[in-house]
Amino acid sequence: MDIPYTVELRRDTGLNNGKIGIWLFLASEVMLFGALFASYILIRTGAPVWPRGDTVLDVPLATFNTIVLISSSVTMVMAWASLMRRRLGTFRIYMGITILLGAVFLVVKYFEYGHHFSTGEFPSHSNFLALYFTLTGLHMLHVFGGMCVNAYFLGPGSTLWKTNPEWFTNRVENAGLFWHFVDLVWIFLFPTLYLL
Amino acid sequence: MSEQEAVAGHTSHVAHEAHHEELGFWRKYVFSTDHKVIGIQYSVTGLLFLFFGFSLMMLMRWQLAYPGAALPLIGGLFGDARMPGGIMLPEFYNELGAMHGTIMVFLGVVPLAVGGFGNFVVPLQIGAPDMSFPRLNMASYWFFFLGGVTMLVSFFVPGGAAQSGWTSYAPLSVIAGTGQTMWLIGMIFLITSSLLGAINFITTIIQLRAKGLTFMRFPFFVWAQFVTAFLLLMAFPPLEAAGVMQLMDRLAGTSFFLPSGLVVSGQALHNAGGGNPLLWQHLFWFLAHPEVYVLILPAMGIVAEIIANNTRKPLWGYRSMVYSLIFLGFMSFIVWAHHMFMTGMGTAMASFFQTTTMIISIPSVVILTALIISLWGGSIRFNTPMLFATAFLPMFGIGGLTGLPLGLNVADIPLHDTYYVIAHFHYVVAPGTIFALFAGIYYWYPKATGRKMNETLGTIHFLGSFVCMNVVFMPMFWVGLAGVSRRLYDGGAAYQFAQPVLHLNAVSSWGAWIMALFQLPFIFNFFWSIRNGEKTADNNPWQATTIEWAAPSPPPHGNFLEVPQAYRGPYEYSVPGAAKDFVPQYEA
C-alpha cells in the first residue's frame, strides 16, 4: 500500500506526513513534561523547606552531561546534513558518535544514581529526591528510546537508503527532532533540579 | 513527486489489489494495517467491553435495590471472598464501581467512538486510501488491547481489581491493594494507544484529504474527530505523568500525593510526606474534563451526519457548528476544576472555573440547537439510525441542562456527592453518546458489510432501550435531590432521610436489567445481518452525499476504485433545480 505524501510534500500544506506526525508527538511530550514541571512547582511551593539542588546533587557531573548532550545534538545535525549531501559514510560516523554520546550520558547518570543509592538517598527519602528521580528517570527513558531509534537507522534501517534515500533522510530528520527535544528537556531539567 | 504522480501511485496500487489478497489470515484479520479492519477490531472489542462494563453495573444494581439480600441464581459464582452466601461485600462493590467507570469510559465508549468509527469512517469520508501511518494504527489497537487485558487480569490478583473509583483519588488509591498498580499500568497502555491514534488521525485528516476537500467542506463528523484527536493528544500526557507519579508513590515509596502525618487504620504511615492529594485531582481532571468532550464530540458528529441524511436537508448553521466545535475543544482545557468545587478550593479559583464552565455551555447549546433546527421542515425518514439520532437530542439536552447547576459553585456543593451527578453525566454519556454510537452502527453497517441491519429488530432495540434508559436514570435525579450520596454501598438504606426515595433504587435497577434484555435483538441483529441482512443495491443505500458512499461496500484494501475528488460542500440535499434530492460531494 502506497500512502500519499510519505516522502513527497503535499502542495497546500508543504509538508510530508512524517513531519506533521513527529511535531504532534513532540506537542504531546511537551504536555507530559509540562505536567511534571507543574507538579514540581506545586510541591515545591507547598513545602516548608526545600534543599538547594547543589547541596544534594553533583553539579560538575551534570554540567559535563549537559555538554555531552548538546554535542550529541550537533553530531545529530551533522548526520542528517551528511545525508542531505548524499554521503552515507559520514552519516554513519556522525550517527555513531551521537549514539555513543547518548551512552556516555547514561553512564554518567548511572554513577550519579549509584552514588545516591549507596548513601541511602532513595526516591522515598524526600520529595526533592522523588522529583529528581522521576524527572531524570523519565528523561533517561527518552534518551534510551532515542538511542534505540538512532541505532535502528545506523543499522538495519539504513537499507532504505538504497531504495529511497529521500525517505531515509526524512526519517533521520524526524529522529533528530526527537533527539533535540530530549536535549531541550535536559536544558530545562538541569537548572531546575541542580541549580535552583 | 507531483500530485499527478502521487495519484498515479495510488491507482497503480489499486491495480495491485490481487497481490494484497494474498495476505494470510493473521495479517489480514488480526495484525492488519488496514484502517477498516482496525476500525472493526476496535468496534467489536469496544462493544464487548461496553457489555462487560454494563454487567458489572447490573451486579451493583442488585445490591443497591436490595441491600444485603443474597443474589439469586448466580450469587454463588463469585466465591466467598467477594459474595459469601451470595451477599455482596463492600470491597467487591467498590471493585465493581471503579471498574465499571474505567471500562465504560476508557475501554468501551472511547475505543468505539474514536478507534472504531474514527478509523473506519474518517479515511473513507476524506477520500483517503488508508490512515497516514498504518503500522502505527495497528500498534495503537494492540496497545489498547494490552490495556484491556491488564484491566481484566486485575480482577484476579490478590485483593481484586482497583477499588478507588475510576478517578483513583489519592491518598486512598496510593494505599490500596495490587489491583490499583494494575490499573495504573493498564492506563499507561491505554494512554499510549490514544496518543498514537491521535497523531495518526490529525496527520491523516490534514494530509490525506481528497483533492478539493477543503476544511469547510469536511463532513461534520470529520471535524468532530479532528478536534477530538487534539483533545486526546494534549490532555492525556498529564494523566500519564500523574500515573507515573502514582506508580512511584505505590512502588518506590515516594510521597507525591501523600500529605505529612497520614494515619491509616490507627497507624501512622511511614513516608516522607509533604505531598499533595489535590495535585492528583488536578492532573486527573485536566485529562478527564477534555475526556468528557472526547466522549461527546464524535457522538455529535455521527448524529449530524444521520440527521442531514434523513431530513434530506443541509445541516442548519454548518459553519457556526464548526466554530463552536473548535471553541468547545479549546475551552474544555480550562474548566477542569469544576469537578473539584467540593475540595474547598478558594473562591477566586472557583469563580474562574464556574465562569469558564458557563461559557463552555454556549457552544454546546449552539451545536444542539443547530441540530434541532435542522429537523425543521424536513421530510424525515425514520429508519433505525434516525430513531437513535433523534433520541440523542432530548437525551443530551437533559444531560446538558441538568449540568448547569453543577457548574455553579454554590449549587454544586449540595448536589455534587449525590445521585444527581450520576443521573446528569449518564444522560450525556449513556442515552446520549451510546445512542449516537448505536445510530452510527446501524448507519455505517451497510458500508462495512454490504448489507443493512434488520429494521424491525432495530426498532425493538431502540424503543426498549429508550424507555429503559429513562427508567434507569430519571429516578436518580429525585434520589439525588433528596440528598442521597452516590458513594453508599447500601444505596442510602441506613439513612432516615433517604427512606422516602429508596423505592426508586429498585425502579432504576429493574430498568437496567430489562434494558439488558433489549440489547439481545441488537446482538442477534449484528451477527445475523452479516449474512442475512437486506443486500444493498448500490454503494449508497441511504442516498447520502459524503465521500465514503463512493467506495464499494465493503471497500477493498485501498478503499476507492478511482481516486475520489470533492466538488462541493458535504450536505447538498434537496438542492433546488437538481435532478435528484441529493448531490454527492464526489460527483462532478
# chains A, B, ... in the order shown; residues from 1 in each chain; ligands from 1
>>> interface_residues(of="chain A", to="chain B", cutoff="8 Å", atoms="only C-alpha atoms", output="PyMOL selection string")
chain A and resi 1-6+8-11+13+16-17+20-21+24-25+27-29+31-36+39+42-43+46-47+123-127+130+134
>>> residues_around(residues="stretch 302-319 of chain B", least_positions_apart="4", cutoff="8 Å", atoms="only C-alpha atoms", output="PyMOL selection string")
chain B and resi 216+219-221+298+323+370-371+373-375+378-382+385-386+389-390+392+436-437+439-440+443+542-545+571-574+581-582
>>> write_last_selection(atoms="C-alpha atoms", output="JSON list (two decimals), in the first residue's frame")
[["chain", "number", "residue", "atom", "x", "y", "z"],
["B", 216, "MET", "CA", -15.01, 23.88, 5.28],
["B", 219, "PRO", "CA", -18.42, 16.39, 6.88],
["B", 220, "PHE", "CA", -19.16, 17.44, 10.46],
["B", 221, "PHE", "CA", -18.07, 14.00, 11.66],
["B", 298, "PRO", "CA", -17.75, 12.02, 17.94],
["B", 323, "TYR", "CA", -16.62, 27.17, 15.02],
["B", 370, "ALA", "CA", -28.43, 23.81, 15.13],
["B", 371, "LEU", "CA", -29.17, 20.08, 15.06],
["B", 373, "ILE", "CA", -33.38, 23.41, 13.79],
["B", 374, "SER", "CA", -32.03, 21.10, 11.08],
["B", 375, "LEU", "CA", -35.10, 18.92, 11.66],
["B", 378, "GLY", "CA", -37.60, 18.26, 6.64],
["B", 379, "SER", "CA", -39.43, 15.22, 5.28],
["B", 380, "ILE", "CA", -37.85, 12.97, 7.88],
["B", 381, "ARG", "CA", -37.17, 9.28, 7.16],
["B", 382, "PHE", "CA", -37.46, 7.44, 10.47],
["B", 385, "PRO", "CA", -30.24, 5.20, 12.69],
["B", 386, "MET", "CA", -32.51, 8.24, 12.60],
["B", 389, "ALA", "CA", -30.09, 10.09, 16.34],
["B", 390, "THR", "CA", -33.31, 11.98, 17.12],
["B", 392, "PHE", "CA", -29.93, 11.70, 21.16],
["B", 436, "ALA", "CA", -25.36, 8.04, 18.88],
["B", 437, "LEU", "CA", -22.95, 5.11, 18.65],
["B", 439, "ALA", "CA", -27.10, 5.11, 15.38],
["B", 440, "GLY", "CA", -23.67, 5.05, 13.78],
["B", 443, "TYR", "CA", -25.92, 3.78, 9.63],
["B", 542, "TRP", "CA", -29.06, 5.91, 2.21],
["B", 543, "GLN", "CA", -28.69, 8.29, -0.79],
["B", 544, "ALA", "CA", -26.06, 10.18, 1.15],
["B", 545, "THR", "CA", -23.76, 12.92, -0.10],
["B", 571, "TYR", "CA", -24.63, 18.28, 2.68],
["B", 572, "GLU", "CA", -26.11, 19.27, -0.68],
["B", 573, "TYR", "CA", -29.55, 17.76, -0.12],
["B", 574, "SER", "CA", -32.72, 18.94, -1.89],
["B", 581, "ASP", "CA", -32.77, 15.24, -3.92],
["B", 582, "PHE", "CA", -29.08, 14.79, -3.15]]
>>> closest_residue(among="A:Ile99, A:Met76, A:Leu26, A:Leu88", to="A:Phe178", atoms="only C-alpha atoms")
A:Leu26
>>> residues_around(residues="B:Thr355", least_positions_apart="2", cutoff="12 Å", atoms="only C-alpha atoms", output="ChimeraX atom specification")
/B:331,334-338,347-353,357-362,404,407-409
>>> closest_atom_pairs(of="stretch 307-424 of chain B", to="stretch 480-489 of chain B", cutoff="10 Å", atoms="only C-alpha atoms", output="tab-separated table")
residue	atom	partner	partner_atom	distance
B:Pro414	CA	B:Gly483	CA	7.7
B:Leu415	CA	B:Gly480	CA	7.1
B:His416	CA	B:Ser485	CA	8.8
B:Asp417	CA	B:Ser485	CA	5.4
B:Thr418	CA	B:Ser485	CA	4.2
B:Tyr419	CA	B:Gly480	CA	4.1
B:Tyr420	CA	B:Gly480	CA	4.2
B:Val421	CA	B:Gly480	CA	7.5
B:Ile422	CA	B:Arg486	CA	7.3
B:Ala423	CA	B:Gly480	CA	8.2
>>> write_last_selection(atoms="C-alpha atoms", output="mmCIF file, in the first residue's frame")
data_model
loop_
_atom_site.group_PDB
_atom_site.id
_atom_site.type_symbol
_atom_site.label_atom_id
_atom_site.label_comp_id
_atom_site.auth_asym_id
_atom_site.auth_seq_id
_atom_site.Cartn_x
_atom_site.Cartn_y
_atom_site.Cartn_z
ATOM 1 C CA PRO B 414 -25.086 20.222 47.943
ATOM 2 C CA LEU B 415 -25.537 18.248 44.701
ATOM 3 C CA HIS B 416 -22.066 17.015 43.875
ATOM 4 C CA ASP B 417 -21.854 13.913 46.027
ATOM 5 C CA THR B 418 -25.399 12.780 45.290
ATOM 6 C CA TYR B 419 -27.089 10.636 42.681
ATOM 7 C CA TYR B 420 -27.985 13.842 40.842
ATOM 8 C CA VAL B 421 -24.478 13.849 39.362
ATOM 9 C CA ILE B 422 -24.764 10.200 38.348
ATOM 10 C CA ALA B 423 -28.034 10.961 36.567
#
>>> select_by_dssp(residues="stretch 225-409 of chain B", states="alpha helix (DSSP H)", output="JSON, numbers by chain")
{"B": [225, 226, 227, 228, 229, 230, 231, 232, 233, 234, 235, 236, 237, 238, 239, 240, 241, 242, 243, 244, 245, 246, 247, 277, 278, 279, 280, 281, 282, 283, 284, 285, 286, 287, 288, 289, 290, 291, 292, 293, 294, 295, 296, 297, 298, 299, 300, 301, 302, 303, 304, 305, 306, 307, 308, 309, 310, 311, 318, 319, 320, 321, 322, 323, 324, 325, 326, 327, 328, 329, 330, 331, 347, 348, 349, 350, 351, 352, 353, 354, 355, 356, 357, 358, 359, 360, 361, 362, 363, 364, 365, 366, 367, 368, 369, 370, 371, 372, 373, 374, 375, 384, 385, 386, 387, 388, 389, 390, 391, 392, 393, 394, 395, 396, 397, 398, 399, 400, 401, 404, 405, 406, 407, 409]}
>>> residues_around(residues="A:Asp183", least_positions_apart="6", cutoff="10 Å", atoms="only C-alpha atoms", output="count of residues only")
12
>>> residues_around(residues="A:Arg171", least_positions_apart="3", cutoff="12 Å", atoms="only C-alpha atoms", output="PDB file with N, CA and C atoms, in the first residue's frame")
ATOM      1  N   THR A   6       4.072  10.314   1.795  1.00  0.00           N
ATOM      2  CA  THR A   6       5.018   9.729   2.746  1.00  0.00           C
ATOM      3  C   THR A   6       6.369  10.406   2.566  1.00  0.00           C
ATOM      4  N   VAL A   7       6.751  10.623   1.304  1.00  0.00           N
ATOM      5  CA  VAL A   7       8.034  11.261   1.014  1.00  0.00           C
ATOM      6  C   VAL A   7       7.807  12.649   0.419  1.00  0.00           C
ATOM      7  N   ASN A  16       5.349  16.688   4.547  1.00  0.00           N
ATOM      8  CA  ASN A  16       5.021  15.269   4.401  1.00  0.00           C
ATOM      9  C   ASN A  16       4.444  14.751   5.715  1.00  0.00           C
ATOM     10  N   ASN A  17       3.879  13.545   5.663  1.00  0.00           N
ATOM     11  CA  ASN A  17       3.156  13.017   6.827  1.00  0.00           C
ATOM     12  C   ASN A  17       4.035  12.908   8.066  1.00  0.00           C
ATOM     13  N   GLY A  18       5.258  12.404   7.856  1.00  0.00           N
ATOM     14  CA  GLY A  18       6.139  12.159   9.000  1.00  0.00           C
ATOM     15  C   GLY A  18       6.430  13.430   9.773  1.00  0.00           C
ATOM     16  N   LYS A  19       6.620  14.535   9.056  1.00  0.00           N
ATOM     17  CA  LYS A  19       6.967  15.793   9.715  1.00  0.00           C
ATOM     18  C   LYS A  19       5.823  16.239  10.631  1.00  0.00           C
ATOM     19  N   GLY A  21       3.524  14.297  11.898  1.00  0.00           N
ATOM     20  CA  GLY A  21       3.428  13.300  12.962  1.00  0.00           C
ATOM     21  C   GLY A  21       4.409  13.567  14.087  1.00  0.00           C
ATOM     22  N   ILE A  22       5.664  13.839  13.730  1.00  0.00           N
ATOM     23  CA  ILE A  22       6.672  13.998  14.788  1.00  0.00           C
ATOM     24  C   ILE A  22       6.403  15.256  15.606  1.00  0.00           C
ATOM     25  N   ALA A  79      24.874  14.383  11.110  1.00  0.00           N
ATOM     26  CA  ALA A  79      24.477  13.107  10.498  1.00  0.00           C
ATOM     27  C   ALA A  79      23.430  13.352   9.419  1.00  0.00           C
ATOM     28  N   TRP A  80      22.434  14.181   9.765  1.00  0.00           N
ATOM     29  CA  TRP A  80      21.367  14.470   8.802  1.00  0.00           C
ATOM     30  C   TRP A  80      21.927  15.264   7.620  1.00  0.00           C
ATOM     31  N   LEU A  83      23.553  13.173   5.076  1.00  0.00           N
ATOM     32  CA  LEU A  83      22.605  12.502   4.182  1.00  0.00           C
ATOM     33  C   LEU A  83      22.114  13.467   3.111  1.00  0.00           C
ATOM     34  N   MET A  84      21.901  14.723   3.496  1.00  0.00           N
ATOM     35  CA  MET A  84      21.473  15.722   2.516  1.00  0.00           C
ATOM     36  C   MET A  84      22.520  15.882   1.430  1.00  0.00           C
ATOM     37  N   VAL A 149      16.188   4.312  18.450  1.00  0.00           N
ATOM     38  CA  VAL A 149      15.772   4.759  17.116  1.00  0.00           C
ATOM     39  C   VAL A 149      17.006   5.056  16.261  1.00  0.00           C
ATOM     40  N   ASN A 150      17.958   5.789  16.850  1.00  0.00           N
ATOM     41  CA  ASN A 150      19.171   6.127  16.105  1.00  0.00           C
ATOM     42  C   ASN A 150      19.946   4.877  15.706  1.00  0.00           C
ATOM     43  N   TYR A 152      18.730   1.999  15.163  1.00  0.00           N
ATOM     44  CA  TYR A 152      17.993   1.358  14.069  1.00  0.00           C
ATOM     45  C   TYR A 152      18.382   1.992  12.733  1.00  0.00           C
ATOM     46  N   PHE A 153      18.473   3.326  12.703  1.00  0.00           N
ATOM     47  CA  PHE A 153      18.817   3.986  11.434  1.00  0.00           C
ATOM     48  C   PHE A 153      20.282   3.773  11.066  1.00  0.00           C
ATOM     49  N   LEU A 154      21.109   3.559  12.079  1.00  0.00           N
ATOM     50  CA  LEU A 154      22.506   3.261  11.787  1.00  0.00           C
ATOM     51  C   LEU A 154      22.636   1.847  11.237  1.00  0.00           C
ATOM     52  N   GLY A 157      17.860  -0.162   9.627  1.00  0.00           N
ATOM     53  CA  GLY A 157      17.016   0.816   8.943  1.00  0.00           C
ATOM     54  C   GLY A 157      17.679   1.457   7.742  1.00  0.00           C
ATOM     55  N   SER A 158      19.022   1.387   7.687  1.00  0.00           N
ATOM     56  CA  SER A 158      19.717   2.123   6.628  1.00  0.00           C
ATOM     57  C   SER A 158      19.598   1.441   5.261  1.00  0.00           C
ATOM     58  N   LEU A 160      17.021   1.247   3.711  1.00  0.00           N
ATOM     59  CA  LEU A 160      16.096   2.118   2.982  1.00  0.00           C
ATOM     60  C   LEU A 160      16.858   3.116   2.114  1.00  0.00           C
ATOM     61  N   TRP A 161      18.099   3.417   2.514  1.00  0.00           N
ATOM     62  CA  TRP A 161      18.930   4.362   1.762  1.00  0.00           C
ATOM     63  C   TRP A 161      19.059   3.933   0.308  1.00  0.00           C
ATOM     64  N   ASN A 164      15.210   4.226  -1.262  1.00  0.00           N
ATOM     65  CA  ASN A 164      14.525   5.521  -1.206  1.00  0.00           C
ATOM     66  C   ASN A 164      15.297   6.485  -0.309  1.00  0.00           C
ATOM     67  N   PRO A 165      16.402   7.035  -0.813  1.00  0.00           N
ATOM     68  CA  PRO A 165      17.271   7.862   0.031  1.00  0.00           C
ATOM     69  C   PRO A 165      16.550   9.068   0.624  1.00  0.00           C
ATOM     70  N   GLU A 166      15.607   9.631  -0.144  1.00  0.00           N
ATOM     71  CA  GLU A 166      14.934  10.823   0.346  1.00  0.00           C
ATOM     72  C   GLU A 166      14.102  10.507   1.589  1.00  0.00           C
ATOM     73  N   TRP A 167      13.395   9.366   1.513  1.00  0.00           N
ATOM     74  CA  TRP A 167      12.570   8.936   2.643  1.00  0.00           C
ATOM     75  C   TRP A 167      13.457   8.693   3.870  1.00  0.00           C
ATOM     76  N   PHE A 168      14.596   8.021   3.624  1.00  0.00           N
ATOM     77  CA  PHE A 168      15.511   7.730   4.724  1.00  0.00           C
ATOM     78  C   PHE A 168      15.999   9.023   5.376  1.00  0.00           C
ATOM     79  N   ASN A 174      13.463  13.405  11.293  1.00  0.00           N
ATOM     80  CA  ASN A 174      12.444  13.307  12.344  1.00  0.00           C
ATOM     81  C   ASN A 174      13.029  12.732  13.629  1.00  0.00           C
ATOM     82  N   ALA A 175      13.893  11.722  13.476  1.00  0.00           N
ATOM     83  CA  ALA A 175      14.562  11.175  14.662  1.00  0.00           C
ATOM     84  C   ALA A 175      15.384  12.278  15.323  1.00  0.00           C
ATOM     85  N   GLY A 176      15.996  13.131  14.491  1.00  0.00           N
ATOM     86  CA  GLY A 176      16.783  14.248  15.010  1.00  0.00           C
ATOM     87  C   GLY A 176      15.917  15.220  15.791  1.00  0.00           C
ATOM     88  N   LEU A 177      14.708  15.511  15.276  1.00  0.00           N
ATOM     89  CA  LEU A 177      13.817  16.420  16.001  1.00  0.00           C
ATOM     90  C   LEU A 177      13.526  15.888  17.392  1.00  0.00           C
ATOM     91  N   PHE A 178      13.291  14.574  17.463  1.00  0.00           N
ATOM     92  CA  PHE A 178      13.038  13.970  18.768  1.00  0.00           C
ATOM     93  C   PHE A 178      14.280  14.096  19.654  1.00  0.00           C
TER      94      PHE A 178
END
>>> closest_residue(among="B:Asn454, B:Gly148, B:Gln125, B:Thr181", to="B:Asn532", atoms="only C-alpha atoms")
B:Asn454
>>> atom_distance(atom1="atom CA of B:Leu502", atom2="atom CA of B:Leu50")
27.6 Å
>>> residues_around(residues="stretch 468-478 of chain B", least_positions_apart="2", cutoff="8 Å", atoms="only C-alpha atoms", output="list in words")
Tyr419, Tyr420, Ile422, Ala423, His424, His426, Tyr427, Ala430, Pro431, Gly464, Ser465, Phe466, Gly480, Leu481, Ala482, Val501, Leu504, Asn505, Val507, Ser508, Ser509, Trp510, Gly511, Ala512, Ile514 and Met515 of chain B
>>> write_last_selection(atoms="C-alpha atoms", output="mmCIF file, in the first residue's frame")
data_model
loop_
_atom_site.group_PDB
_atom_site.id
_atom_site.type_symbol
_atom_site.label_atom_id
_atom_site.label_comp_id
_atom_site.auth_asym_id
_atom_site.auth_seq_id
_atom_site.Cartn_x
_atom_site.Cartn_y
_atom_site.Cartn_z
ATOM 1 C CA TYR B 419 -27.089 10.636 42.681
ATOM 2 C CA TYR B 420 -27.985 13.842 40.842
ATOM 3 C CA ILE B 422 -24.764 10.200 38.348
ATOM 4 C CA ALA B 423 -28.034 10.961 36.567
ATOM 5 C CA HIS B 424 -26.589 14.081 34.923
ATOM 6 C CA HIS B 426 -25.162 9.322 32.446
ATOM 7 C CA TYR B 427 -27.785 11.249 30.492
ATOM 8 C CA ALA B 430 -25.484 6.659 28.089
ATOM 9 C CA PRO B 431 -28.669 7.713 26.276
ATOM 10 C CA GLY B 464 -36.834 -0.823 24.540
ATOM 11 C CA SER B 465 -33.538 0.942 25.178
ATOM 12 C CA PHE B 466 -35.116 4.386 25.002
ATOM 13 C CA GLY B 480 -30.072 12.862 44.297
ATOM 14 C CA LEU B 481 -32.223 15.900 45.054
ATOM 15 C CA ALA B 482 -33.344 14.096 48.220
ATOM 16 C CA VAL B 501 -36.930 7.758 47.864
ATOM 17 C CA LEU B 504 -36.692 4.411 43.354
ATOM 18 C CA ASN B 505 -33.447 2.425 43.620
ATOM 19 C CA VAL B 507 -37.038 1.095 39.818
ATOM 20 C CA SER B 508 -33.630 2.040 38.381
ATOM 21 C CA SER B 509 -32.345 -1.494 38.871
ATOM 22 C CA TRP B 510 -35.264 -3.152 37.114
ATOM 23 C CA GLY B 511 -34.889 -0.624 34.316
ATOM 24 C CA ALA B 512 -31.259 -1.677 33.888
ATOM 25 C CA ILE B 514 -34.811 -5.082 31.412
ATOM 26 C CA MET B 515 -32.610 -2.874 29.247
#
>>> closest_residue(among="A:Leu101, A:Asp12, A:Gly89, A:Val56", to="B:Leu213", atoms="only C-alpha atoms")
A:Asp12
>>> closest_residue(among="A:Arg52, A:Phe181, A:Gly155, A:Val108", to="A:Gly96", atoms="only C-alpha atoms")
A:Gly155
>>> residues_around(residues="B:Met58", least_positions_apart="2", cutoff="8 Å", atoms="only C-alpha atoms", output="PyMOL selection string")
chain B and resi 54-56+60-62+509+512-513
>>> write_last_selection(atoms="N, CA and C atoms", output="short mmCIF file (atom, residue, chain, number, x, y, z; two decimals), in the first residue's frame")
data_model
loop_
_atom_site.label_atom_id
_atom_site.label_comp_id
_atom_site.auth_asym_id
_atom_site.auth_seq_id
_atom_site.Cartn_x
_atom_site.Cartn_y
_atom_site.Cartn_z
N PHE B 54 -21.35 -2.95 31.52
CA PHE B 54 -22.78 -2.92 31.83
C PHE B 54 -23.12 -4.04 32.81
N SER B 55 -22.50 -5.21 32.61
CA SER B 55 -22.77 -6.34 33.50
C SER B 55 -22.30 -6.03 34.92
N LEU B 56 -21.14 -5.38 35.05
CA LEU B 56 -20.66 -5.02 36.38
C LEU B 56 -21.69 -4.15 37.09
N MET B 60 -24.03 -4.37 40.63
CA MET B 60 -24.13 -3.32 41.64
C MET B 60 -25.59 -2.94 41.90
N ARG B 61 -26.38 -2.93 40.80
CA ARG B 61 -27.77 -2.50 40.95
C ARG B 61 -28.55 -3.46 41.85
N TRP B 62 -28.13 -4.74 41.90
CA TRP B 62 -28.80 -5.67 42.82
C TRP B 62 -28.58 -5.21 44.26
N SER B 509 -32.95 -0.18 39.08
CA SER B 509 -32.34 -1.49 38.87
C SER B 509 -33.13 -2.32 37.87
N ALA B 512 -32.54 -1.24 34.44
CA ALA B 512 -31.26 -1.68 33.89
C ALA B 512 -31.32 -3.13 33.43
N TRP B 513 -31.95 -3.98 34.28
CA TRP B 513 -31.97 -5.40 33.91
C TRP B 513 -32.82 -5.64 32.67
#
>>> atom_distance(atom1="atom CA of B:Ser164", atom2="atom CA of B:Phe145")
22.7 Å
>>> atom_distance(atom1="atom CA of B:Leu112", atom2="atom CA of B:Leu387")
19.7 Å
>>> select_by_dssp(residues="stretch 242-420 of chain B", states="strand (DSSP E or B)", output="MDAnalysis selection string")
chainID B and resid 263:264 267:268 418
>>> write_last_selection(atoms="N, CA and C atoms", output="PDB file, in the first residue's frame")
ATOM      1  N   VAL B 263      -2.518   9.082  58.849  1.00  0.00           N
ATOM      2  CA  VAL B 263      -2.764   7.948  59.744  1.00  0.00           C
ATOM      3  C   VAL B 263      -3.754   7.007  59.067  1.00  0.00           C
ATOM      4  N   VAL B 264      -3.333   5.736  58.870  1.00  0.00           N
ATOM      5  CA  VAL B 264      -4.200   4.768  58.198  1.00  0.00           C
ATOM      6  C   VAL B 264      -4.532   3.645  59.182  1.00  0.00           C
ATOM      7  N   GLN B 267      -2.687   3.608  62.371  1.00  0.00           N
ATOM      8  CA  GLN B 267      -1.225   3.527  62.303  1.00  0.00           C
ATOM      9  C   GLN B 267      -0.687   4.726  61.522  1.00  0.00           C
ATOM     10  N   ALA B 268       0.353   5.361  62.037  1.00  0.00           N
ATOM     11  CA  ALA B 268       0.975   6.449  61.291  1.00  0.00           C
ATOM     12  C   ALA B 268       1.703   5.849  60.090  1.00  0.00           C
ATOM     13  N   THR B 418     -24.143  13.535  45.293  1.00  0.00           N
ATOM     14  CA  THR B 418     -25.399  12.780  45.290  1.00  0.00           C
ATOM     15  C   THR B 418     -25.633  12.107  43.942  1.00  0.00           C
TER      16      THR B 418
END
